[in-house]
Amino acid sequence: MKRALGVCYYPEHWPQEMWAEDARRMVDAGLSWVRIAEFAWSRMEPEPGRLELDWLDQAIDTLGSAGLKIVFGTPTATPPRWMIDRHPDMLAVDANGTPRKFGSRRHYCFSHKGYQEECARIVEVLARRYGANPHIAAWQTDNEYGCHETVLSYSKAAHEGFRNWCAQQYQSVDALNRAWGNVFWSMELASFEELELPNQTVTEANPAHRMAFRRFASSEVVRFNRLQCRILRQHSRAPLLHNYMGQSTSFDHFECGQDLDIASWDSYPLGFLINRTDYDDDHKKRYLRQGDPDFQAFHHDLYRAVGRGRWWVMEQQPGPVNWAQWNVAPLPGMARLWAWEAFAHGAEVVSYFRWRQAPFAQEQMHAGLLRPDSAAAPALGEAAQVAAELAEMPDAGTAQAKVAIVFDYPSVWAWEVQPQGQDFSGFKLLFDMYRGLRALGQDIDILPPDASDLSAYELVVIPGLFTLSDGLRAALAAYKGYVLHGPRSGVRNKDFCIPAGLGPDLPGVTATLARSESLPPFAPMKLAAPGNFVKWFDHLEADPQQVAEATADGQPALLRAGNVYCLAGWPDPEACQRILKNLLAEAGLEAAEMPEGLRQRSTQSHRFFFNYADGPIEWQGRSIPAAGVYWQSLADDRSGSANA
Amino acid sequence: MKRALGVCYYPEHWPQEMWAEDARRMVDAGLSWVRIAEFAWSRMEPEPGRLELDWLDQAIDTLGSAGLKIVFGTPTATPPRWMIDRHPDMLAVDANGTPRKFGSRRHYCFSHKGYQEECARIVEVLARRYGANPHIAAWQTDNEYGCHETVLSYSKAAHEGFRNWCAQQYQSVDALNRAWGNVFWSMELASFEELELPNQTVTEANPAHRMAFRRFASSEVVRFNRLQCRILRQHSRAPLLHNYMGQSTSFDHFECGQDLDIASWDSYPLGFLINRTDYDDDHKKRYLRQGDPDFQAFHHDLYRAVGRGRWWVMEQQPGPVNWAQWNVAPLPGMARLWAWEAFAHGAEVVSYFRWRQAPFAQEQMHAGLLRPDSAAAPALGEAAQVAAELAEMPDAGTAQAKVAIVFDYPSVWAWEVQPQGQDFSGFKLLFDMYRGLRALGQDIDILPPDASDLSAYELVVIPGLFTLSDGLRAALAAYKGYVLHGPRSGVRNKDFCIPAGLGPDLPGVTATLARSESLPPFAPMKLAAPGNFVKWFDHLEADPQQVAEATADGQPALLRAGNVYCLAGWPDPEACQRILKNLLAEAGLEAAEMPEGLRQRSTQSHRFFFNYADGPIEWQGRSIPAAGVYWQSLADDRSGSANA
Amino acid sequence: MKRALGVCYYPEHWPQEMWAEDARRMVDAGLSWVRIAEFAWSRMEPEPGRLELDWLDQAIDTLGSAGLKIVFGTPTATPPRWMIDRHPDMLAVDANGTPRKFGSRRHYCFSHKGYQEECARIVEVLARRYGANPHIAAWQTDNEYGCHETVLSYSKAAHEGFRNWCAQQYQSVDALNRAWGNVFWSMELASFEELELPNQTVTEANPAHRMAFRRFASSEVVRFNRLQCRILRQHSRAPLLHNYMGQSTSFDHFECGQDLDIASWDSYPLGFLINRTDYDDDHKKRYLRQGDPDFQAFHHDLYRAVGRGRWWVMEQQPGPVNWAQWNVAPLPGMARLWAWEAFAHGAEVVSYFRWRQAPFAQEQMHAGLLRPDSAAAPALGEAAQVAAELAEMPDAGTAQAKVAIVFDYPSVWAWEVQPQGQDFSGFKLLFDMYRGLRALGQDIDILPPDASDLSAYELVVIPGLFTLSDGLRAALAAYKGYVLHGPRSGVRNKDFCIPAGLGPDLPGVTATLARSESLPPFAPMKLAAPGNFVKWFDHLEADPQQVAEATADGQPALLRAGNVYCLAGWPDPEACQRILKNLLAEAGLEAAEMPEGLRQRSTQSHRFFFNYADGPIEWQGRSIPAAGVYWQSLADDRSGSANA
């Protein structure tokens, strides 16, 4: 498949006279996809039942006729104002019990039946009208599920949904009481009617209760999405996708992705960098106008997994945004680098957000490819350069990685429910391991927690997986390569109880988790070898012969039994690099210690280098300018460089 | 007019037997004004309709007979408890939807019709009774509008008021939809009935929506105040004033001031210093017992503008207060310095708060001129010293400044609505420029945003003005002196949209604002000349010949076209001083680089020096002790120094 | 009386088959007490009125037959879910007006009459059934009153209770108005019906109002506890106790203790250390796995006073807990050290929490003496060692201290109501003085604010006592020893007003408190002698002959009149040590400057040394290992050391 560029466009924001010229300029810039419609419900249906779709017919015709393929977004993230009068209780309710009102977007509770019916109705209308339209080449469901922390709702609808979900899961309230340990603190329930939402309790609710609510809430997103998918598929053969977000873990994207054909995500490297609380200011300053060198790659690899191989960047940052704590412009070249990095990780389409900066409303400070006055913004030229390069570049395909890392959304929830140490984050633990592997030059596949076949990999890393599925157990049992478990893996059953035998309940690991400690930032735990454990330490009782590494005071730090390793703590970057490098060597994989800011990624045909530093990097005879991309053919060592 | 001292007094707090002695001691100390009554509603009207005013007659008679002029405060900031039973919905409601209950003060919503009527009733009673009383020499309306963040209320009354205000402003809901860009995110409304308050939305509401609410809320304060003014003027010829506050920007004081004769403000230098979040600890430590050397002067100049020349300090800090994060005592001499600084900036009256420290209730830790045991507190002697000096000092009049700076309340709201960078503050930007000019020895006038005649000035500075009124445009067009615009000036229309052509929409500026960046504290932008931009940078596309200064990487930093300069970023102190000094030279004004802690201010007859440092300062042959005031006649070089 | 060990046990969490073996292992480990039942209401009464107590009979029989003495806890801290349906308004309400829901524990308002009746009913049932049971050797009422900030409730029940309480206290609303100074800000009330709770006011409520509410809320806890005590005493002769907490000051424990026979507290040294906000990271790092060296001792001494000599540790931390910001394991030896320290301070029983770590629910990460798999956790062996040592150790009795410090719960509330400086804390002030005395090797008694006989002491320290009771005045008048008052002592009447004459209203002190200052952390006040005042300074006007120490700028810092000293500020550690050392010398007491981390405490027969450092300490010829205890007989210098 040929890689392509796209853009997000809002014809309803501009006079109809401008549409044709806009379309022409898109095509001229080398864009071939355009996404429309996802926030336009108030224009499609200005009053309940009164549809106005002529303008949309026109827009589709204009864009399509110009040669653009259209992604049509269902408008369900922005129900019009009249919808609230029809369904006053459709608003989500926050943890304090306050309804989240109309006036921005995503003002709905996923569990509200009435709103679900309204969504089904409008999607049906649109699918019938445009399902067979030749210009409609893909459908997007809704927009950014979970944005603005909208997955968890404490509404009446959610309460009823949760009771029913638990009744379904546990069948009897006694089973629930037993599974959750409700005898503790006399929390036992006499019926599902008595089950409340886990907010506003005097102190923390039962972690099993909270975890069940997280699972329920995730499943509500999946159901909400599935409803639209079913309708769309009845009327259209175009592929379905949703635009996920960065560091978005509030629902299970793997489950959601089962109903879609393609995963896509919205990549805003500079906003993500500034708003992340676990980077220090030095790091933010170093990558201020480039973004974190691993954050995008991580999500590319994650969404490739969510999309079972097919994935896009649906929204690509083109310039300053409006929503981060501070908002700067990218270095010249970054709008090109980010696109090429996505392609190197297997993206089919990279679509910039948005075509023209809006002079009004909430995103008026969010850059586009055009300025509000229709002049070209800097990213337009970079997009055009990418388009030209794509035309020259044979489709490289996605490389098969040799290293995999297992990512599990429920584990992120589990450690949010029970951090035990104030700064513990399942996402951050996994990301640190990912970064460690990338800094050693590895291509990485991210695997879902029910991966059934690991045979393609030499090394599989499984950090912080709170409980293992039967499927993964089986896959590990059959696996011949190297495994690195832990820390904090295999330590709970699915109802959030400590397993009999204490765990870690991991194939090939015979140690016992006597107890765990969370470590404050001022008290890292020194290892005998260079580096420290930070944030977390598992006291593993093990056969001394299995102790591959120890802490400075002699406790097991890394266990080994055959090809199976188990890590007892959260390694700091120094320890992480050292341990991973040893493992890669053991697994027969070549490690390249990448210079600060430089990253590499291979496709089937090429190796790409991305320079995230703000100065040039010389490496292994290659010279890569700041914000530059460099690629070379794996076949013939033919090479091409960036920012030419 | 002769300058005078005053004091705030609460006869209702003390046995009637003490009043005459208190009055005598006030007069002995040289005080000639006394403010009373503004919190005494429960004593004036203990039950609805049952008036008890004999005590007030007595108090007025006692104070007036002693020779004091009385400022009578209307008691509407503290409605009695019975009022809440009559009007349960009169309480303001906070942004979370919670009513703000009785039990302190300012427990009312400005928009509540029933409470407005009650205010009109009590003011009418008081105005009829005392309007012609010869001792009543001024009226104060209410007390500290906006204190405790009381301007914004999300009550039902405010909601109705806001709908009506918007209907009035926009006439049709389609006009509102278009003006605000409500097509964005399907926020379009079908009627004004559908318009909600901009709180509790899922993510930020439309900035146009929020800005309109800020304008509405400000106008409600103005209306509330106007109601009292009209009644008072029917019965009294005494001048009307209100006591505003420091760094109080939640309503448009210029508009409010139109209905009053005099502006006054409540000056608490030590509390303001400690509570300001944008000073670092070094600065707070240096000026701990003196206050910031520019903060009071800024407000003196501001309220001189609000009062169209006539202004007072209604409440002057005499010792430790009770409301700052920490509360220390002023250095000996400061109670005198602050008073003299106010007079040097043109104050008619400086009134200390309060006469005697109350041993009970919320302000029991707030110092007065007397201690609770009636012994003199340290400030009493300093006040007496000022009174004696005033008697010697010819009335100096207010000097005509050569430099002006435009201050606009709506711009402060605009950048609160849309900071874009976490630490952006319109007030702080303007204050930084003011400080820069003061540190160069300038007398400064602050101008309202509708200033129509700039001809008195050699230099006018206009920073962060989000949109320019037609009046100011005309004034600038006619103006021959130097102008320094920006940063972030002229960048929106009044409905918070980016202007066609992008702006900056400033007379004499032809550049285009391609895009803006907010800069994190750890990433200032270096200039080619000494200094940096911090917090903000506007990418200005301009004729290269107009580039007077550039950033270190070559982008326009300061534009010049004739006498009109435009600044592209927020200058740090070094850049600010450098640029302003150049401009002053250009404009033919003498700049004096004041030593740290020393400030000067001229009247028509004298130049005053104020030493805010905690040690003596030698400067240009003058020796000024810590916390000391030094003045010299402009005519004959006769001089008098402080703390003698 | 023989000292003994105990443990907390939840038979309802485990299969009945395990109980006998658990009991046997407890006895084998040397434990003689076991606490049960305090969270088991849902098992005692699964439906309203349907009692199921057979299992409890069995558990008591099994444990008792094994030789264990039982503490029976009334289950009123965890009402079952059905209780909420019977009394929907029994939930406490937080300061924002939000009910605090079912789903954890302590979900009740102390003032709710209906819930009080339910408590009386279940306690009556249990007292009748087990009151004469020979195995029941003590009763615990409820569990950790005040935990999770549950003393203050803003419910309807609390509102009614508060009105009645105020009516009782003041008899007429005019008396209340006068006492509180409600004339201020027109806060006067016409009836008690008009009195509101002091939450959600626009700015702070009257401190007198808030203080009254604190007093009322405390009295509600006392009444709630008294109700259970009366019933228990009707049916049982076993002693009554409650398990208080560390740094728990929200109700008056001295008053509560009047109805009980024994005080006990729950000691979690590592959790307390990490969660305290007034320690810096260095301190937390140094004592991370040992706990603060004075925090436990302080509470031992406090609860010895609350229990009028009889006190226990009801819950002793055995390993990592689950509720601190970070949770680490104690150093080996600490579970023994903590127990011995309690005994040295006079504890009758030290009871570990809990027997076996639960694999489910909220405390699954809270260690026990056993792991969830029933294997011994590290603390079990340490407990057994203590038990063996106790068997050898003659009962030492509690030593009579020579130094006392007065602790007053209402004073803590007063300074929470009116900190005046952001970091002022009455608890912290007192604790700093306590630490100063401990660091000088003193045994200390803590005295209640109504102590009537001080004759046993050479030195009495009274810091931050906002008002003195008549009883304490009389005791001080009769006292011949040394007294150190202040700072911030004797400065209010009981209605939170400044006393006539300003204070400090302290026997033997003739100075006048002209004014006070709170000092920011960056501005300590230097003393003429080494050290500083921090946080607080009282300007004391005094006879110059009484000035024993001055500040660096010559203000009185320490007054002396005969044996009575009065401190004008909050001394930093250096000043505190210096001043206290001088006073001890004056009072003829021997001061020992203890090395960092080492503390001593004497019983009637022995002197104990506790090494809280993480390395060995050599001191005066003794060698004490890290986490070690060392004791020597006062009679014959026989000594025994720790960690052997």
# chains A, B, ... in the order shown; residues from 1 in each chain; ligands from 1
$ select_by_dssp --residues "segment 225-386 of chain C" --states "helix (DSSP H, G or I)" --output "ChimeraX atom specification"
/C:225-235,253-257,269-275,281-286,295-306,334-344,378-386
$ residues_around --residues "Val349 of chain B" --least-positions-apart "4" --cutoff "6 Å" --atoms "only C-alpha atoms" --output "ChimeraX atom specification"
/B:3-5,312
$ atom_distance --atom1 "atom CA of Ser186 of chain A" --atom2 "atom CA of Glu47 of chain C"
12.0 Å
$ residues_around --residues "segment 351-366 of chain B" --least-positions-apart "6" --cutoff "8 Å" --atoms "only C-alpha atoms" --output "NGL selection string"
(:B and (5-9 or 13 or 33-34 or 312-322 or 372 or 374)) or (:C and (180-182 or 184 or 204-208 or 420 or 496-499))
$ write_last_selection --atoms "N, CA and C atoms" --output "short mmCIF file (atom, residue, chain, number, x, y, z; two decimals), in the first residue's frame"
data_model
loop_
_atom_site.label_atom_id
_atom_site.label_comp_id
_atom_site.auth_asym_id
_atom_site.auth_seq_id
_atom_site.Cartn_x
_atom_site.Cartn_y
_atom_site.Cartn_z
N LEU B 5 -5.42 63.98 56.25
CA LEU B 5 -5.42 62.61 56.74
C LEU B 5 -6.79 62.23 57.29
N GLY B 6 -7.06 60.94 57.31
CA GLY B 6 -8.30 60.44 57.88
C GLY B 6 -8.11 59.09 58.52
N VAL B 7 -9.24 58.55 58.97
CA VAL B 7 -9.19 57.25 59.62
C VAL B 7 -10.57 56.59 59.48
N CYS B 8 -10.58 55.26 59.57
CA CYS B 8 -11.82 54.51 59.51
C CYS B 8 -12.22 54.12 60.92
N TYR B 9 -13.49 54.32 61.23
CA TYR B 9 -13.93 54.18 62.61
C TYR B 9 -15.27 53.45 62.65
N HIS B 13 -18.80 49.44 67.35
CA HIS B 13 -17.98 48.44 68.05
C HIS B 13 -17.65 48.84 69.49
N TRP B 33 -10.54 63.59 58.63
CA TRP B 33 -11.64 62.82 58.02
C TRP B 33 -11.85 61.55 58.83
N VAL B 34 -13.09 61.12 58.90
CA VAL B 34 -13.37 59.82 59.51
C VAL B 34 -14.47 59.12 58.70
N TRP B 312 -8.27 59.25 46.57
CA TRP B 312 -7.84 59.11 47.95
C TRP B 312 -7.23 57.72 48.17
N VAL B 313 -6.50 57.61 49.25
CA VAL B 313 -6.31 56.31 49.86
C VAL B 313 -7.34 56.21 50.98
N MET B 314 -8.30 55.31 50.81
CA MET B 314 -9.39 55.22 51.79
C MET B 314 -8.95 54.41 53.00
N GLU B 315 -8.13 53.38 52.75
CA GLU B 315 -7.63 52.55 53.85
C GLU B 315 -6.13 52.40 53.67
N GLN B 316 -5.40 52.87 54.66
CA GLN B 316 -3.94 52.77 54.60
C GLN B 316 -3.48 51.84 55.71
N GLN B 317 -2.70 50.82 55.34
CA GLN B 317 -2.17 49.87 56.33
C GLN B 317 -1.36 50.61 57.39
N PRO B 318 -1.67 50.36 58.69
CA PRO B 318 -0.90 51.01 59.74
C PRO B 318 0.09 50.08 60.45
N GLY B 319 -0.12 48.78 60.33
CA GLY B 319 0.73 47.81 61.04
C GLY B 319 0.47 46.44 60.44
N PRO B 320 0.70 45.37 61.17
CA PRO B 320 0.45 44.03 60.61
C PRO B 320 -1.03 43.87 60.28
N VAL B 321 -1.32 43.13 59.22
CA VAL B 321 -2.70 42.79 58.90
C VAL B 321 -2.94 41.32 59.23
N ASN B 322 -4.13 40.85 58.90
CA ASN B 322 -4.50 39.50 59.30
C ASN B 322 -4.70 38.55 58.14
N PRO B 372 -6.05 47.49 70.87
CA PRO B 372 -7.38 47.23 71.47
C PRO B 372 -7.51 47.86 72.85
N SER B 374 -6.55 50.75 73.64
CA SER B 374 -6.58 52.19 73.40
C SER B 374 -5.22 52.87 73.50
N TRP C 180 -19.15 36.74 70.70
CA TRP C 180 -18.43 36.53 69.44
C TRP C 180 -18.08 37.84 68.74
N GLY C 181 -18.64 38.94 69.19
CA GLY C 181 -18.42 40.20 68.46
C GLY C 181 -19.14 40.21 67.13
N ASN C 182 -20.37 39.71 67.10
CA ASN C 182 -21.09 39.61 65.82
C ASN C 182 -21.52 40.96 65.25
N PHE C 184 -19.55 42.97 64.32
CA PHE C 184 -18.60 43.10 63.22
C PHE C 184 -19.25 42.55 61.94
N GLU C 204 -13.53 33.99 55.29
CA GLU C 204 -13.54 33.25 56.55
C GLU C 204 -14.68 33.69 57.47
N ALA C 205 -15.28 32.73 58.15
CA ALA C 205 -16.28 33.04 59.16
C ALA C 205 -15.59 33.59 60.41
N ASN C 206 -16.37 34.13 61.29
CA ASN C 206 -15.86 34.62 62.58
C ASN C 206 -15.07 33.51 63.29
N PRO C 207 -13.85 33.79 63.72
CA PRO C 207 -13.09 32.74 64.41
C PRO C 207 -13.81 32.21 65.65
N ALA C 208 -14.57 33.06 66.30
CA ALA C 208 -15.34 32.59 67.45
C ALA C 208 -16.38 31.56 67.03
N GLN C 420 -2.77 32.75 61.15
CA GLN C 420 -2.17 34.09 60.99
C GLN C 420 -0.89 34.03 60.14
N PHE C 496 -12.54 33.40 71.95
CA PHE C 496 -11.64 33.80 70.87
C PHE C 496 -11.54 35.30 70.71
N CYS C 497 -11.60 36.02 71.80
CA CYS C 497 -11.36 37.46 71.75
C CYS C 497 -10.06 37.77 72.47
N ILE C 498 -9.44 38.85 72.05
CA ILE C 498 -8.22 39.32 72.72
C ILE C 498 -8.61 39.81 74.10
N PRO C 499 -7.91 39.37 75.15
CA PRO C 499 -8.32 39.77 76.49
C PRO C 499 -8.09 41.27 76.71
#
$ interface_residues --of "chain A" --to "chain B" --cutoff "7 Å" --atoms "only C-alpha atoms" --output "PyMOL selection string"
chain A and resi 13+39-42+78-81+100-107+148+281+285+320+322+325-329+359-362+373
$ atom_distance --atom1 "atom CA of Lys480 of chain C" --atom2 "atom CA of Gly464 of chain C"
21.7 Å
$ select_by_dssp --residues "segment 289-510 of chain C" --states "strand (DSSP E or B)" --output "MDAnalysis selection string"
chainID C and resid 311:316 349:352 356 370 376 398 403:406 444:447 459:462 482:485
$ atom_distance --atom1 "atom CA of Gln400 of chain B" --atom2 "atom CA of Gln632 of chain B"
17.5 Å
$ residues_around --residues "Leu270 of chain C" --least-positions-apart "3" --cutoff "8 Å" --atoms "only C-alpha atoms" --output "PyMOL selection string"
chain C and resi 273-274+288-292+320+327-328+330
$ write_last_selection --atoms "C-alpha atoms" --output "PDB file, in the first residue's frame"
ATOM      1  CA  LEU C 273       7.129  10.049  58.985  1.00  0.00           C
ATOM      2  CA  ILE C 274       6.458  10.046  55.260  1.00  0.00           C
ATOM      3  CA  LEU C 288      12.877   6.369  56.379  1.00  0.00           C
ATOM      4  CA  ARG C 289      12.850   2.835  57.800  1.00  0.00           C
ATOM      5  CA  GLN C 290      12.915   3.728  61.505  1.00  0.00           C
ATOM      6  CA  GLY C 291      10.448   6.572  61.964  1.00  0.00           C
ATOM      7  CA  ASP C 292      10.981   9.914  63.626  1.00  0.00           C
ATOM      8  CA  PRO C 320       5.136  -1.789  55.173  1.00  0.00           C
ATOM      9  CA  ASN C 327       5.553   2.671  51.923  1.00  0.00           C
ATOM     10  CA  VAL C 328       8.827   0.991  52.797  1.00  0.00           C
ATOM     11  CA  PRO C 330      11.191  -1.107  58.565  1.00  0.00           C
TER      12      PRO C 330
END
$ closest_residue --among "A:Val222, A:Ala29, A:Leu465, A:Ala138" --to "Trp413 of chain A" --atoms "only C-alpha atoms"
A:Leu465
$ residues_around --residues "Gly628 of chain B" --least-positions-apart "2" --cutoff "12 Å" --atoms "only C-alpha atoms" --output "tab-separated table (two decimals) with N, CA and C atoms, in the first residue's frame"
chain	number	residue	atom	x	y	z
B	290	GLN	N	8.41	46.74	53.90
B	290	GLN	CA	8.26	48.04	53.23
B	290	GLN	C	7.21	47.97	52.12
B	331	LEU	N	8.42	48.45	58.75
B	331	LEU	CA	9.55	49.17	59.32
B	331	LEU	C	9.04	50.50	59.89
B	332	PRO	N	9.64	50.94	60.99
B	332	PRO	CA	9.29	52.29	61.47
B	332	PRO	C	9.52	53.29	60.34
B	333	GLY	N	8.54	54.14	60.14
B	333	GLY	CA	8.65	55.13	59.08
B	333	GLY	C	7.77	54.85	57.88
B	334	MET	N	7.41	53.57	57.71
B	334	MET	CA	6.67	53.24	56.48
B	334	MET	C	5.26	53.82	56.50
B	335	ALA	N	4.64	53.88	57.66
B	335	ALA	CA	3.27	54.43	57.71
B	335	ALA	C	3.30	55.90	57.29
B	336	ARG	N	4.42	56.54	57.53
B	336	ARG	CA	4.58	57.93	57.05
B	336	ARG	C	4.94	57.94	55.56
B	337	LEU	N	5.90	57.08	55.16
B	337	LEU	CA	6.33	57.06	53.77
B	337	LEU	C	5.15	56.80	52.84
B	338	TRP	N	4.36	55.77	53.18
B	338	TRP	CA	3.23	55.44	52.30
B	338	TRP	C	2.29	56.63	52.13
B	339	ALA	N	2.05	57.34	53.22
B	339	ALA	CA	1.15	58.50	53.13
B	339	ALA	C	1.74	59.57	52.23
B	340	TRP	N	2.99	59.86	52.42
B	340	TRP	CA	3.63	60.91	51.61
B	340	TRP	C	3.71	60.50	50.14
B	341	GLU	N	3.94	59.21	49.91
B	341	GLU	CA	3.97	58.77	48.51
B	341	GLU	C	2.61	59.00	47.86
B	382	GLU	N	3.37	58.23	63.65
B	382	GLU	CA	3.77	58.54	62.27
B	382	GLU	C	2.68	59.35	61.57
B	597	GLY	N	15.38	50.06	45.13
B	597	GLY	CA	14.63	50.46	46.33
B	597	GLY	C	14.32	51.95	46.39
B	598	LEU	N	14.96	52.75	45.57
B	598	LEU	CA	14.68	54.19	45.59
B	598	LEU	C	13.76	54.56	44.42
B	599	ARG	N	12.78	55.37	44.71
B	599	ARG	CA	11.86	55.83	43.67
B	599	ARG	C	11.66	57.33	43.85
B	608	PHE	N	9.87	64.35	45.15
B	608	PHE	CA	9.93	63.49	46.32
B	608	PHE	C	10.76	62.25	46.01
B	609	PHE	N	11.48	61.79	47.05
B	609	PHE	CA	12.21	60.52	46.94
B	609	PHE	C	11.74	59.60	48.05
B	610	PHE	N	11.53	58.34	47.72
B	610	PHE	CA	11.04	57.36	48.68
B	610	PHE	C	12.01	56.19	48.73
B	611	ASN	N	12.50	55.94	49.93
B	611	ASN	CA	13.47	54.86	50.08
B	611	ASN	C	12.79	53.60	50.61
B	612	TYR	N	12.53	52.67	49.72
B	612	TYR	CA	11.90	51.39	50.09
B	612	TYR	C	12.92	50.38	50.57
B	613	ALA	N	14.19	50.69	50.52
B	613	ALA	CA	15.20	49.73	50.97
B	613	ALA	C	15.21	49.69	52.51
B	614	ASP	N	15.85	48.67	53.05
B	614	ASP	CA	15.92	48.61	54.51
B	614	ASP	C	17.23	49.16	55.04
B	615	GLY	N	17.94	49.91	54.21
B	615	GLY	CA	19.13	50.63	54.64
B	615	GLY	C	19.15	51.99	53.96
B	616	PRO	N	20.04	52.88	54.39
B	616	PRO	CA	20.09	54.22	53.79
B	616	PRO	C	20.62	54.16	52.35
B	617	ILE	N	20.21	55.12	51.56
B	617	ILE	CA	20.68	55.23	50.18
B	617	ILE	C	21.27	56.62	49.98
B	618	GLU	N	22.48	56.62	49.43
B	618	GLU	CA	23.10	57.89	49.00
B	618	GLU	C	22.88	58.00	47.51
B	622	ARG	N	22.19	63.23	47.75
B	622	ARG	CA	21.17	63.17	48.80
B	622	ARG	C	21.41	61.92	49.64
B	623	SER	N	21.06	62.04	50.91
B	623	SER	CA	21.17	60.88	51.79
B	623	SER	C	19.79	60.59	52.35
B	624	ILE	N	19.30	59.42	52.04
B	624	ILE	CA	17.91	59.12	52.40
B	624	ILE	C	17.90	57.86	53.28
B	625	PRO	N	17.43	58.02	54.50
B	625	PRO	CA	17.46	56.87	55.41
B	625	PRO	C	16.48	55.79	54.99
B	626	ALA	N	16.67	54.61	55.54
B	626	ALA	CA	15.73	53.51	55.29
B	626	ALA	C	14.33	53.96	55.65
B	630	TYR	N	12.25	62.00	51.24
B	630	TYR	CA	13.09	63.19	51.05
B	630	TYR	C	12.38	64.03	50.01
B	631	TRP	N	12.25	65.32	50.27
B	631	TRP	CA	11.66	66.16	49.22
B	631	TRP	C	12.46	67.42	49.03
B	640	GLY	N	13.81	69.05	52.40
B	640	GLY	CA	13.51	68.54	53.73
B	640	GLY	C	13.60	67.04	53.70
B	641	SER	N	14.10	66.45	54.72
B	641	SER	CA	14.31	65.01	54.72
B	641	SER	C	13.45	64.33	55.77
B	642	ALA	N	13.59	63.03	55.82
B	642	ALA	CA	12.63	62.25	56.57
B	642	ALA	C	13.17	61.69	57.86
B	643	ASN	N	12.24	61.11	58.62
B	643	ASN	CA	12.59	60.39	59.85
B	643	ASN	C	13.40	61.24	60.80
B	644	ALA	N	13.25	62.55	60.72
B	644	ALA	CA	14.02	63.42	61.61
B	644	ALA	C	13.52	63.26	63.05
$ residues_around --residues "Ile70 of chain C" --least-positions-apart "4" --cutoff "9 Å" --atoms "only C-alpha atoms" --output "PyMOL selection string"
chain C and resi 32-36+60+63-64+135-139
$ residues_around --residues "Gln140 of chain C" --least-positions-apart "6" --cutoff "7 Å" --atoms "only C-alpha atoms" --output "list in words"
Val71, Phe72, Gly73, Thr74, Leu240, Leu241 and His242 of chain C
